[in-house]
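This is final.txt (compact mmCIF, C-alpha atoms (C1' of nucleotides)).
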```txt
# COMPACT_ATOMS: atom_id res chain seq x y z
CA MET A 7 83.58 -3.28 -7.21
CA VAL A 8 82.38 -1.96 -10.53
CA ASN A 9 85.72 -0.15 -10.65
CA VAL A 10 87.54 -3.43 -11.06
CA PHE A 11 85.35 -4.27 -14.01
CA GLU A 12 85.86 -0.85 -15.50
CA GLU A 13 89.62 -1.09 -15.26
CA TYR A 14 89.45 -4.49 -16.88
CA LEU A 15 87.19 -3.49 -19.74
CA ARG A 16 88.18 0.06 -20.60
CA PRO A 17 91.54 -0.79 -22.19
CA GLN A 18 89.88 -3.48 -24.28
CA VAL A 19 86.68 -1.90 -25.61
CA GLN A 20 85.80 1.64 -26.58
CA LEU A 21 82.42 2.42 -25.06
CA THR A 22 80.62 5.76 -25.00
CA ALA A 23 79.73 7.14 -21.59
CA GLU A 24 76.12 6.28 -22.25
CA GLU A 25 76.93 2.68 -23.25
CA TRP A 26 79.10 2.27 -20.21
CA THR A 27 76.36 3.46 -17.90
CA ARG A 28 73.93 1.09 -19.54
CA LEU A 29 76.22 -1.92 -19.24
CA GLN A 30 76.92 -1.11 -15.65
CA ALA A 31 73.21 -0.90 -14.92
CA LEU A 32 72.79 -4.50 -16.09
CA SER A 33 75.12 -5.86 -13.47
CA SER A 34 74.34 -6.89 -9.95
CA ALA A 35 77.00 -7.44 -7.33
CA GLN A 36 77.15 -10.61 -5.28
CA HIS A 37 79.40 -11.43 -2.38
CA LEU A 38 80.35 -15.02 -1.67
CA ARG A 39 81.88 -16.21 1.56
CA LYS A 40 84.46 -18.96 1.44
CA ARG A 41 82.79 -22.30 0.58
CA GLN A 42 79.59 -20.62 -0.57
CA PHE A 43 78.09 -21.81 -3.86
CA LEU A 44 77.51 -19.66 -6.92
CA LEU A 45 76.13 -22.58 -8.91
CA HIS A 46 74.90 -25.99 -7.81
CA ALA A 47 74.31 -28.97 -10.13
CA GLY A 48 70.66 -29.08 -11.09
CA GLN A 49 70.31 -25.32 -11.37
CA VAL A 50 70.13 -23.57 -14.71
CA TRP A 51 72.95 -21.09 -15.21
CA GLN A 52 71.67 -17.89 -16.81
CA SER A 53 74.31 -15.23 -16.34
CA TYR A 54 77.76 -14.09 -17.21
CA ALA A 55 79.80 -13.76 -14.02
CA PHE A 56 82.87 -11.55 -13.66
CA VAL A 57 85.15 -12.01 -10.66
CA CYS A 58 86.24 -8.71 -9.09
CA ARG A 59 87.98 -10.17 -6.06
CA GLY A 60 88.65 -13.62 -4.66
CA CYS A 61 88.76 -17.04 -6.27
CA LEU A 62 86.16 -19.49 -7.56
CA ARG A 63 86.49 -23.11 -8.54
CA GLN A 64 84.28 -24.88 -11.05
CA TYR A 65 83.95 -28.66 -10.96
CA THR A 66 81.83 -31.74 -11.46
CA ILE A 67 81.27 -34.68 -9.11
CA ASP A 68 81.23 -38.10 -10.72
CA ALA A 69 79.23 -41.21 -9.83
CA LYS A 70 81.89 -42.23 -7.29
CA GLY A 71 81.70 -38.87 -5.54
CA VAL A 72 85.05 -37.70 -6.88
CA GLU A 73 85.43 -34.03 -7.79
CA HIS A 74 86.96 -33.03 -11.13
CA MET A 75 88.16 -29.44 -11.37
CA LEU A 76 87.25 -27.72 -14.60
CA LYS A 77 88.44 -24.20 -13.95
CA PHE A 78 89.62 -21.66 -11.42
CA SER A 79 88.53 -18.04 -11.74
CA ILE A 80 90.29 -15.20 -9.97
CA GLU A 81 90.14 -11.43 -10.35
CA ASN A 82 89.41 -10.32 -13.92
CA TRP A 83 88.24 -13.74 -15.06
CA TRP A 84 84.81 -14.85 -16.14
CA ALA A 85 82.99 -17.80 -14.65
CA GLY A 86 79.87 -19.79 -15.40
CA ASP A 87 78.63 -22.93 -17.10
CA ARG A 88 78.46 -22.10 -20.77
CA GLU A 89 76.71 -25.35 -21.64
CA SER A 90 73.79 -24.67 -19.33
CA LEU A 91 73.75 -21.04 -20.43
CA VAL A 92 73.44 -21.96 -24.09
CA THR A 93 71.16 -24.98 -23.86
CA GLY A 94 68.99 -23.83 -20.98
CA GLN A 95 69.41 -27.28 -19.43
CA PRO A 96 70.19 -27.80 -15.73
CA SER A 97 73.91 -27.67 -15.05
CA ARG A 98 75.99 -30.67 -14.04
CA GLN A 99 78.60 -28.42 -12.49
CA TYR A 100 79.32 -26.74 -9.19
CA ILE A 101 80.92 -23.37 -8.63
CA ASP A 102 81.96 -22.35 -5.15
CA ALA A 103 84.33 -19.90 -3.54
CA LEU A 104 87.82 -20.81 -2.36
CA GLU A 105 88.09 -17.41 -0.68
CA ASP A 106 85.70 -14.59 0.09
CA THR A 107 84.80 -13.44 -3.38
CA ASP A 108 83.05 -10.53 -5.12
CA VAL A 109 81.24 -11.25 -8.36
CA LEU A 110 79.42 -9.12 -10.89
CA LEU A 111 76.48 -10.90 -12.52
CA PHE A 112 75.08 -9.96 -15.92
CA PRO A 113 71.81 -11.69 -16.86
CA LYS A 114 72.22 -13.49 -20.16
CA VAL A 115 69.27 -11.88 -21.90
CA ASP A 116 70.35 -8.32 -21.15
CA PHE A 117 73.99 -9.05 -21.80
CA ASP A 118 73.34 -10.60 -25.20
CA GLN A 119 71.01 -7.77 -26.10
CA PHE A 120 73.70 -5.26 -25.22
CA ALA A 121 76.26 -7.16 -27.30
CA ARG A 122 73.93 -7.15 -30.30
CA GLU A 123 73.50 -3.41 -30.07
CA VAL A 124 77.15 -2.52 -29.47
CA PRO A 125 79.33 -4.11 -32.15
CA ALA A 126 82.59 -3.22 -30.44
CA PHE A 127 81.46 -5.05 -27.33
CA HIS A 128 80.25 -7.97 -29.41
CA ALA A 129 83.67 -8.20 -31.05
CA PHE A 130 85.32 -8.15 -27.65
CA ILE A 131 83.18 -11.03 -26.40
CA ASP A 132 83.88 -12.99 -29.56
CA GLY A 133 87.59 -12.49 -29.07
CA LEU A 134 87.30 -13.61 -25.46
CA LEU A 135 85.50 -16.78 -26.47
CA GLY A 136 88.09 -17.43 -29.13
CA ARG A 137 90.95 -17.11 -26.67
CA THR A 138 89.16 -19.28 -24.16
CA TYR A 139 88.73 -21.93 -26.81
CA LEU A 140 92.43 -21.81 -27.68
CA ALA A 141 93.28 -22.26 -24.01
CA SER A 142 90.99 -25.27 -23.88
CA GLN A 143 92.71 -26.79 -26.89
CA ARG A 144 96.09 -26.35 -25.26
CA ARG A 145 94.79 -28.05 -22.16
CA VAL A 146 93.60 -30.98 -24.26
CA GLN A 147 96.98 -31.26 -25.89
CA THR A 148 98.80 -31.34 -22.58
CA ALA A 149 96.32 -33.79 -21.12
CA ILE A 150 96.79 -36.32 -23.91
CA SER A 151 100.52 -35.98 -24.43
CA ALA A 152 102.35 -35.00 -21.24
CA ASP A 153 103.42 -36.99 -18.19
CA ALA A 154 102.51 -35.91 -14.67
CA GLU A 155 105.57 -33.75 -14.09
CA THR A 156 105.23 -31.90 -17.38
CA LYS A 157 101.56 -31.25 -16.71
CA TYR A 158 102.41 -29.61 -13.42
CA ARG A 159 105.28 -27.57 -14.83
CA GLU A 160 103.09 -26.26 -17.64
CA PHE A 161 100.35 -25.42 -15.17
CA VAL A 162 102.73 -23.40 -13.02
CA GLN A 163 104.05 -21.63 -16.09
CA THR A 164 100.60 -20.86 -17.45
CA TYR A 165 98.97 -19.89 -14.16
CA PRO A 166 101.67 -18.79 -11.72
CA GLN A 167 99.06 -16.88 -9.72
CA LEU A 168 97.04 -20.04 -9.17
CA ALA A 169 99.87 -22.39 -8.26
CA LEU A 170 100.39 -20.50 -5.01
CA ARG A 171 96.80 -19.78 -4.23
CA VAL A 172 94.81 -22.93 -4.89
CA PRO A 173 95.05 -26.07 -2.70
CA LEU A 174 97.32 -28.70 -4.17
CA ARG A 175 94.70 -31.41 -4.29
CA MET A 176 92.51 -29.21 -6.48
CA ILE A 177 95.34 -28.51 -8.87
CA ALA A 178 95.95 -32.25 -8.96
CA SER A 179 92.32 -32.80 -9.88
CA TYR A 180 92.53 -30.10 -12.55
CA LEU A 181 95.48 -31.93 -14.09
CA GLY A 182 93.94 -35.38 -13.77
CA LEU A 183 96.44 -36.53 -11.14
CA SER A 184 96.09 -37.82 -7.59
CA ALA A 185 96.99 -35.41 -4.80
CA GLU A 186 99.75 -37.79 -3.65
CA THR A 187 101.38 -37.88 -7.05
CA LEU A 188 101.38 -34.10 -7.31
CA SER A 189 102.79 -33.78 -3.81
CA ARG A 190 105.71 -36.04 -4.76
CA ILE A 191 106.33 -34.09 -7.97
CA ARG A 192 106.38 -30.83 -6.11
CA GLY A 193 108.81 -32.37 -3.66
CA LEU A 194 111.26 -33.15 -6.45
CA ASN A 195 111.32 -29.59 -7.74
CA THR A 196 112.12 -28.16 -4.31
CA LYS A 197 115.28 -30.28 -3.86
CA MET B 126 81.35 -29.72 -54.46
CA VAL B 127 79.79 -26.40 -53.59
CA ASN B 128 76.54 -28.36 -53.41
CA VAL B 129 77.74 -30.17 -50.31
CA PHE B 130 78.43 -26.85 -48.66
CA GLU B 131 75.06 -25.48 -49.72
CA GLU B 132 73.19 -28.45 -48.26
CA TYR B 133 75.14 -28.02 -45.06
CA LEU B 134 74.57 -24.32 -44.71
CA ARG B 135 71.09 -23.70 -46.08
CA PRO B 136 69.19 -25.30 -43.18
CA GLN B 137 71.26 -23.34 -40.70
CA VAL B 138 71.39 -19.80 -42.10
CA GLN B 139 68.96 -17.74 -44.09
CA LEU B 140 70.89 -16.09 -46.89
CA THR B 141 69.50 -14.09 -49.80
CA ALA B 142 70.34 -15.33 -53.28
CA GLU B 143 72.74 -12.45 -53.66
CA GLU B 144 74.50 -13.19 -50.38
CA TRP B 145 74.77 -16.83 -51.24
CA THR B 146 76.35 -16.05 -54.59
CA ARG B 147 78.79 -13.75 -52.92
CA LEU B 148 79.83 -16.28 -50.27
CA GLN B 149 80.24 -18.94 -52.88
CA ALA B 150 82.45 -16.65 -54.94
CA LEU B 151 84.85 -16.36 -51.98
CA SER B 152 85.54 -20.06 -51.91
CA SER B 153 88.13 -21.98 -53.83
CA ALA B 154 88.04 -25.75 -54.19
CA GLN B 155 91.06 -27.88 -53.39
CA HIS B 156 91.53 -31.57 -53.91
CA LEU B 157 93.88 -33.51 -51.66
CA ARG B 158 95.15 -36.96 -52.40
CA LYS B 159 95.64 -39.36 -49.53
CA ARG B 160 98.67 -38.33 -47.46
CA GLN B 161 98.82 -34.91 -49.03
CA PHE B 162 99.24 -31.95 -46.68
CA LEU B 163 96.81 -29.07 -46.30
CA LEU B 164 98.94 -27.43 -43.61
CA HIS B 165 102.53 -28.00 -42.60
CA ALA B 166 104.13 -26.74 -39.37
CA GLY B 167 105.90 -23.46 -40.05
CA GLN B 168 103.26 -22.20 -42.46
CA VAL B 169 100.76 -19.53 -41.49
CA TRP B 170 97.18 -20.72 -41.71
CA GLN B 171 94.96 -18.03 -43.21
CA SER B 172 91.70 -19.68 -44.24
CA TYR B 173 88.59 -21.39 -43.09
CA ALA B 174 88.44 -24.86 -44.61
CA PHE B 175 85.25 -26.84 -45.09
CA VAL B 176 85.47 -30.55 -45.89
CA CYS B 177 83.07 -31.64 -48.64
CA ARG B 178 84.33 -35.19 -49.01
CA GLY B 179 87.02 -37.34 -47.42
CA CYS B 180 88.81 -37.14 -44.09
CA LEU B 181 91.55 -34.95 -42.65
CA ARG B 182 93.60 -35.34 -39.53
CA GLN B 183 95.16 -32.49 -37.59
CA TYR B 184 98.12 -33.16 -35.32
CA THR B 185 101.36 -31.97 -33.78
CA ILE B 186 104.71 -33.73 -33.63
CA ASP B 187 106.61 -33.44 -30.35
CA ALA B 188 110.34 -33.25 -29.68
CA LYS B 189 110.57 -37.05 -29.66
CA GLY B 190 108.92 -37.29 -33.06
CA VAL B 191 105.65 -38.61 -31.67
CA GLU B 192 102.41 -37.48 -33.32
CA HIS B 193 99.53 -36.21 -31.19
CA MET B 194 96.14 -36.14 -32.91
CA LEU B 195 94.15 -33.00 -32.26
CA LYS B 196 91.17 -33.50 -34.53
CA PHE B 197 89.65 -35.45 -37.38
CA SER B 198 87.51 -33.67 -39.96
CA ILE B 199 85.15 -35.46 -42.29
CA GLU B 200 82.34 -34.28 -44.56
CA ASN B 201 80.56 -31.19 -43.22
CA TRP B 202 83.25 -30.34 -40.70
CA TRP B 203 85.58 -27.40 -40.59
CA ALA B 204 89.33 -27.68 -40.35
CA GLY B 205 92.25 -25.34 -39.75
CA ASP B 206 94.56 -24.03 -37.07
CA ARG B 207 92.63 -21.36 -35.28
CA GLU B 208 95.65 -20.25 -33.26
CA SER B 209 97.70 -19.46 -36.34
CA LEU B 210 94.66 -17.91 -38.01
CA VAL B 211 94.06 -15.52 -35.12
CA THR B 212 97.63 -14.67 -34.18
CA GLY B 213 99.15 -14.70 -37.65
CA GLN B 214 102.04 -16.76 -36.25
CA PRO B 215 103.41 -19.85 -38.03
CA SER B 216 101.49 -22.96 -37.14
CA ARG B 217 102.90 -25.80 -35.05
CA GLN B 218 100.39 -28.20 -36.52
CA TYR B 219 100.04 -30.50 -39.49
CA ILE B 220 96.90 -31.28 -41.44
CA ASP B 221 96.93 -34.06 -43.98
CA ALA B 222 94.44 -36.30 -45.73
CA LEU B 223 93.62 -39.81 -44.56
CA GLU B 224 91.64 -40.35 -47.77
CA ASP B 225 91.24 -38.47 -51.03
CA THR B 226 89.55 -35.32 -49.85
CA ASP B 227 87.76 -32.28 -51.27
CA VAL B 228 88.01 -29.02 -49.39
CA LEU B 229 86.50 -25.58 -49.83
CA LEU B 230 88.81 -22.78 -48.74
CA PHE B 231 87.61 -19.34 -47.64
CA PRO B 232 90.33 -16.73 -47.17
CA LYS B 233 90.13 -15.31 -43.67
CA VAL B 234 89.94 -11.67 -44.71
CA ASP B 235 87.02 -12.15 -47.11
CA PHE B 236 85.25 -14.55 -44.82
CA ASP B 237 85.43 -12.23 -41.82
CA GLN B 238 84.33 -9.31 -43.97
CA PHE B 239 81.31 -11.30 -45.15
CA ALA B 240 80.45 -12.24 -41.58
CA ARG B 241 80.58 -8.60 -40.51
CA GLU B 242 78.19 -7.60 -43.26
CA VAL B 243 75.73 -10.46 -42.83
CA PRO B 244 74.62 -10.67 -39.19
CA ALA B 245 72.78 -13.97 -39.62
CA PHE B 246 75.97 -15.55 -40.90
CA HIS B 247 77.96 -13.97 -38.10
CA ALA B 248 75.57 -15.46 -35.57
CA PHE B 249 75.93 -18.85 -37.19
CA ILE B 250 79.71 -18.74 -36.97
CA ASP B 251 79.51 -17.63 -33.35
CA GLY B 252 77.24 -20.54 -32.57
CA LEU B 253 79.61 -22.90 -34.32
CA LEU B 254 82.55 -21.63 -32.29
CA GLY B 255 80.51 -21.94 -29.12
CA ARG B 256 79.63 -25.56 -29.82
CA THR B 257 83.19 -26.36 -30.75
CA TYR B 258 84.33 -24.91 -27.46
CA LEU B 259 81.83 -27.01 -25.53
CA ALA B 260 83.09 -30.11 -27.32
CA SER B 261 86.63 -29.18 -26.34
CA GLN B 262 85.60 -28.82 -22.71
CA ARG B 263 83.99 -32.24 -22.76
CA ARG B 264 87.16 -33.67 -24.18
CA VAL B 265 89.16 -32.10 -21.37
CA GLN B 266 86.83 -33.56 -18.81
CA THR B 267 87.11 -37.05 -20.22
CA ALA B 268 90.87 -36.75 -20.56
CA ILE B 269 91.38 -35.85 -16.90
CA SER B 270 88.81 -38.14 -15.34
CA ALA B 271 88.29 -41.31 -17.36
CA ASP B 272 90.29 -44.52 -17.65
CA ALA B 273 91.38 -45.91 -21.01
CA GLU B 274 88.30 -48.03 -21.64
CA THR B 275 85.87 -45.22 -20.81
CA LYS B 276 87.75 -42.84 -23.09
CA TYR B 277 87.35 -45.22 -25.98
CA ARG B 278 83.69 -45.95 -25.29
CA GLU B 279 82.91 -42.24 -25.15
CA PHE B 280 84.81 -41.67 -28.35
CA VAL B 281 82.82 -44.34 -30.17
CA GLN B 282 79.59 -42.94 -28.81
CA THR B 283 80.48 -39.36 -29.75
CA TYR B 284 81.99 -40.10 -33.16
CA PRO B 285 80.61 -43.41 -34.44
CA GLN B 286 81.50 -42.37 -38.00
CA LEU B 287 85.15 -41.97 -37.06
CA ALA B 288 85.61 -45.13 -35.03
CA LEU B 289 85.24 -47.21 -38.18
CA ARG B 290 87.05 -44.92 -40.55
CA VAL B 291 90.22 -43.74 -38.82
CA PRO B 292 93.21 -46.02 -38.10
CA LEU B 293 93.25 -47.31 -34.56
CA ARG B 294 96.63 -45.91 -33.70
CA MET B 295 95.42 -42.40 -34.56
CA ILE B 296 92.36 -42.77 -32.38
CA ALA B 297 94.68 -43.99 -29.63
CA SER B 298 96.79 -40.86 -30.06
CA TYR B 299 93.67 -38.69 -30.02
CA LEU B 300 92.71 -40.25 -26.68
CA GLY B 301 96.20 -40.09 -25.21
CA LEU B 302 96.66 -43.87 -25.21
CA SER B 303 99.17 -46.18 -26.81
CA ALA B 304 98.00 -48.12 -29.85
CA GLU B 305 98.62 -51.38 -28.00
CA THR B 306 96.39 -50.41 -25.11
CA LEU B 307 93.57 -49.44 -27.43
CA SER B 308 93.93 -52.64 -29.39
CA ARG B 309 93.53 -54.64 -26.20
CA ILE B 310 90.49 -52.62 -25.14
CA ARG B 311 88.85 -53.13 -28.47
CA GLY B 312 89.55 -56.84 -28.13
CA LEU B 313 87.60 -56.97 -24.87
CA ASN B 314 84.50 -55.40 -26.33
CA THR B 315 84.37 -57.84 -29.21
CA LYS B 316 84.27 -60.89 -26.94
C1' DC C 200 102.64 -60.29 -55.31
C1' DG C 201 106.26 -57.38 -52.51
C1' DA C 202 106.45 -53.54 -49.58
C1' DT C 203 104.54 -50.76 -46.40
C1' DT C 204 101.48 -49.69 -42.92
C1' DC C 205 98.57 -51.14 -39.37
C1' DT C 206 97.08 -54.31 -35.79
C1' DT C 207 97.60 -57.78 -32.48
C1' DT C 208 99.83 -60.36 -28.79
C1' DG C 209 103.13 -61.36 -25.05
C1' DA C 210 106.27 -60.22 -21.38
C1' DA C 211 108.60 -56.89 -18.61
C1' DA C 212 109.02 -52.29 -16.78
C1' DA C 213 107.49 -47.78 -15.47
C1' DC C 214 104.36 -44.70 -13.93
C1' DA C 215 100.69 -43.19 -11.37
C1' DG C 216 96.96 -44.58 -8.16
C1' DT C 217 95.30 -46.32 -3.76
C1' DC C 218 95.34 -47.01 1.07
C1' DA C 219 96.81 -45.75 5.45
C1' DA C 220 99.31 -43.23 8.77
C1' DT C 221 101.51 -39.08 10.14
C1' DC C 222 102.50 -34.29 9.97
C1' DT C 223 101.31 -29.33 9.39
C1' DG C 224 98.99 -25.28 9.47
C1' DT C 225 94.80 -22.69 10.22
C1' DG C 226 90.80 -21.30 12.29
C1' DT C 227 87.37 -21.73 15.95
C1' DG C 228 85.32 -22.02 20.27
C1' DG C 229 85.83 -22.53 25.12
C1' DC D 257 94.96 -17.28 24.65
C1' DC D 258 95.13 -21.89 24.49
C1' DA D 259 93.49 -26.33 22.89
C1' DC D 260 91.25 -28.82 19.83
C1' DA D 261 89.33 -29.94 15.40
C1' DC D 262 89.72 -30.02 10.68
C1' DA D 263 91.32 -29.60 6.15
C1' DG D 264 95.23 -30.12 3.61
C1' DA D 265 99.92 -32.00 2.65
C1' DT D 266 103.29 -35.45 2.96
C1' DT D 267 105.33 -40.02 3.18
C1' DG D 268 105.69 -45.09 2.69
C1' DA D 269 104.31 -49.53 1.03
C1' DC D 270 101.69 -51.80 -2.16
C1' DT D 271 98.71 -52.45 -6.23
C1' DG D 272 97.21 -51.91 -10.77
C1' DT D 273 96.86 -49.87 -15.14
C1' DT D 274 99.20 -48.43 -19.01
C1' DT D 275 103.50 -48.12 -21.55
C1' DT D 276 107.32 -49.94 -23.77
C1' DC D 277 109.75 -53.22 -26.44
C1' DA D 278 109.70 -56.88 -29.54
C1' DA D 279 107.91 -59.94 -32.77
C1' DA D 280 104.49 -61.87 -35.54
C1' DG D 281 100.14 -61.52 -38.16
C1' DA D 282 96.62 -58.89 -41.18
C1' DA D 283 95.43 -55.66 -44.36
C1' DT D 284 96.23 -52.41 -47.97
C1' DC D 285 98.34 -50.36 -51.91
C1' DG D 286 101.04 -49.67 -55.76
```
Starting from the file, give its structure as structure tokens.
Amino acid sequence: MVNVFEEYLRPQVQLTAEEWTRLQALSSAQHLRKRQFLLHAGQVWQSYAFVCRGCLRQYTIDAKGVEHMLKFSIENWWAGDRESLVTGQPSRQYIDALEDTDVLLFPKVDFDQFAREVPAFHAFIDGLLGRTYLASQRRVQTAISADAETKYREFVQTYPQLALRVPLRMIASYLGLSAETLSRIRGLNTK
Amino acid sequence: MVNVFEEYLRPQVQLTAEEWTRLQALSSAQHLRKRQFLLHAGQVWQSYAFVCRGCLRQYTIDAKGVEHMLKFSIENWWAGDRESLVTGQPSRQYIDALEDTDVLLFPKVDFDQFAREVPAFHAFIDGLLGRTYLASQRRVQTAISADAETKYREFVQTYPQLALRVPLRMIASYLGLSAETLSRIRGLNTK
DNA sequence: CGATTCTTTGAAAACAGTCAATCTGTGTGG
DNA sequence: CCACACAGATTGACTGTTTTCAAAGAATCG
């Protein structure tokens, strides 16, 4: 399981053998069965989570009980509630597993300490955050400017792995559409 | 004009007198008249821009010629196209002035160099990026889950300074609504 | 002022949402 | 191994919000 992380990280950051051992020692593995929660609203999120295998979804539930998908995380993605992590406040989000999933958890304190001491790793994390932010901006742009069909087409183009793997109604929620509307759109493209 | 920047930064980062002088020396002031462009699609954006006075808007123009507002930047905000800055590719965005505006420009190369050499400043910039990312996530959430009226109410609550200062049709575009719809919503709240 | 830009209002049309029923596939327990 | 239950997907009819188009009314600026 650590192997997956190693294969992900090695091409991106130069670490000495000693640094690598140290980073690895910070992590703890967690296995989630389908439908099991990694984070529940009300809890404080205090880790960085790396997905080695499986698929997580991250979402909120509004006053009417409706779920709103924020993110899907598959192999080689990070997960977690950054807001809770940074502020120390209880999260308003849920994270649970869409499939049996293996996760590596790095406690915030240790992880940040490591980043401070290893500039190359720090730079990597900064770059990751920067790219994540750009992705978020693109999502905003699509959300405010595209119609339902365009939203779906862009989603498929951006995340072809997810379009096949995640239930349609959750993709619909991610895009701000009803499941019925997305079903009809998908129907069009097949014909 | 540098004074505005100093008052903004001093409470947030501890810099020595020497560091402060050095940072200041990196900046160049630019004045923009209303409607003047700071960035035009096709140009490469290579700076960090800090607004000392006035108001900028940042937007794209789609294939149909419709503008989509990405951001407004008033006093004590940063502006610029991060995507172009990071990738070095020509920007797809426009930035122009809604009012006469004063901007401080920091060339990327010098700015990044300074951040590398002054850890406290680096940490400040990281924190800024982190908060900006959280704001973007909140915007996504509203965009996918709220109706038109809620979007506007949240906008007013989040940016009371902007609601009064920016033309309605641009706020509408920022929220992904037509100007007519927003006008009607605003009408309701007045009664 | 005269011109431009912005806002408001009305009426019609389009798009997406809701509700409800049916269909499909998957997984589980008897 | 089958049957049943359940979650998810699809389809149809209807509703409702938002958009579009058009025209008229403010506000702003040179």
What are the residues of chain B that have an atom within 9 Å of an atom of chain A, counting all atoms listed in the file, as a PDB file with C-alpha atoms, in the coordinates of the input?
```pdb
ATOM      1  CA  ASP B 187     106.610 -33.440 -30.350  1.00  0.00           C
ATOM      2  CA  HIS B 193      99.530 -36.210 -31.190  1.00  0.00           C
ATOM      3  CA  MET B 194      96.140 -36.140 -32.910  1.00  0.00           C
ATOM      4  CA  LEU B 195      94.150 -33.000 -32.260  1.00  0.00           C
ATOM      5  CA  ARG B 207      92.630 -21.360 -35.280  1.00  0.00           C
ATOM      6  CA  GLU B 208      95.650 -20.250 -33.260  1.00  0.00           C
ATOM      7  CA  VAL B 211      94.060 -15.520 -35.120  1.00  0.00           C
ATOM      8  CA  ASP B 251      79.510 -17.630 -33.350  1.00  0.00           C
ATOM      9  CA  LEU B 254      82.550 -21.630 -32.290  1.00  0.00           C
ATOM     10  CA  GLY B 255      80.510 -21.940 -29.120  1.00  0.00           C
ATOM     11  CA  ARG B 256      79.630 -25.560 -29.820  1.00  0.00           C
ATOM     12  CA  THR B 257      83.190 -26.360 -30.750  1.00  0.00           C
ATOM     13  CA  TYR B 258      84.330 -24.910 -27.460  1.00  0.00           C
ATOM     14  CA  LEU B 259      81.830 -27.010 -25.530  1.00  0.00           C
ATOM     15  CA  SER B 261      86.630 -29.180 -26.340  1.00  0.00           C
ATOM     16  CA  GLN B 262      85.600 -28.820 -22.710  1.00  0.00           C
ATOM     17  CA  ARG B 264      87.160 -33.670 -24.180  1.00  0.00           C
ATOM     18  CA  VAL B 265      89.160 -32.100 -21.370  1.00  0.00           C
ATOM     19  CA  GLN B 266      86.830 -33.560 -18.810  1.00  0.00           C
ATOM     20  CA  ALA B 268      90.870 -36.750 -20.560  1.00  0.00           C
ATOM     21  CA  ILE B 269      91.380 -35.850 -16.900  1.00  0.00           C
ATOM     22  CA  SER B 270      88.810 -38.140 -15.340  1.00  0.00           C
ATOM     23  CA  ALA B 271      88.290 -41.310 -17.360  1.00  0.00           C
ATOM     24  CA  SER B 298      96.790 -40.860 -30.060  1.00  0.00           C
ATOM     25  CA  TYR B 299      93.670 -38.690 -30.020  1.00  0.00           C
ATOM     26  CA  LEU B 300      92.710 -40.250 -26.680  1.00  0.00           C
ATOM     27  CA  GLY B 301      96.200 -40.090 -25.210  1.00  0.00           C
ATOM     28  CA  LEU B 302      96.660 -43.870 -25.210  1.00  0.00           C
TER      29      LEU B 302
END
```
Handout entry: Check: which chain A residues lie within 9 Å of chain C using only C-alpha atoms (C1' of nucleotides), as number ranges by chain
Key = A: 153-154, 183-184, 186-187
Practice task
Give me, as a PyMOL selection string, the contact residues of chain D against chain A at a cut-off of 9 Å, counting all atoms listed in the file.
Solution key: chain D and resi 264-267
Exercise for the section: Within 7 Å of Ala154 of chain B, counting all atoms listed in the file, which residues show up once you throw out same-chain ones fewer than 5 positions away? Write them as a ChimeraX atom specification, please. Expected result: /B:228-230
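Interatomic distance, atom CA of Cys177 of chain B against atom CA of Asn128 of chain B: 8.7 Å.
The spacing separating atom CA of Trp203 of chain B from atom CA of Gln155 of chain B amounts to 13.9 Å.
In this structure, atom CA of Leu44 of chain A sits 17.7 Å away from atom CA of Val172 of chain A.
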Any chance you could work out the axis-aligned box around segment 265-282 of chain D, listed atoms only, 5 Å on each side, giving centre and edge lengths in Å to one decimal, as lines of an AutoDock Vina configuration file?
```
center_x = 103.2
center_y = -46.9
center_z = -19.0
size_x = 23.1
size_y = 39.9
size_z = 54.4
```
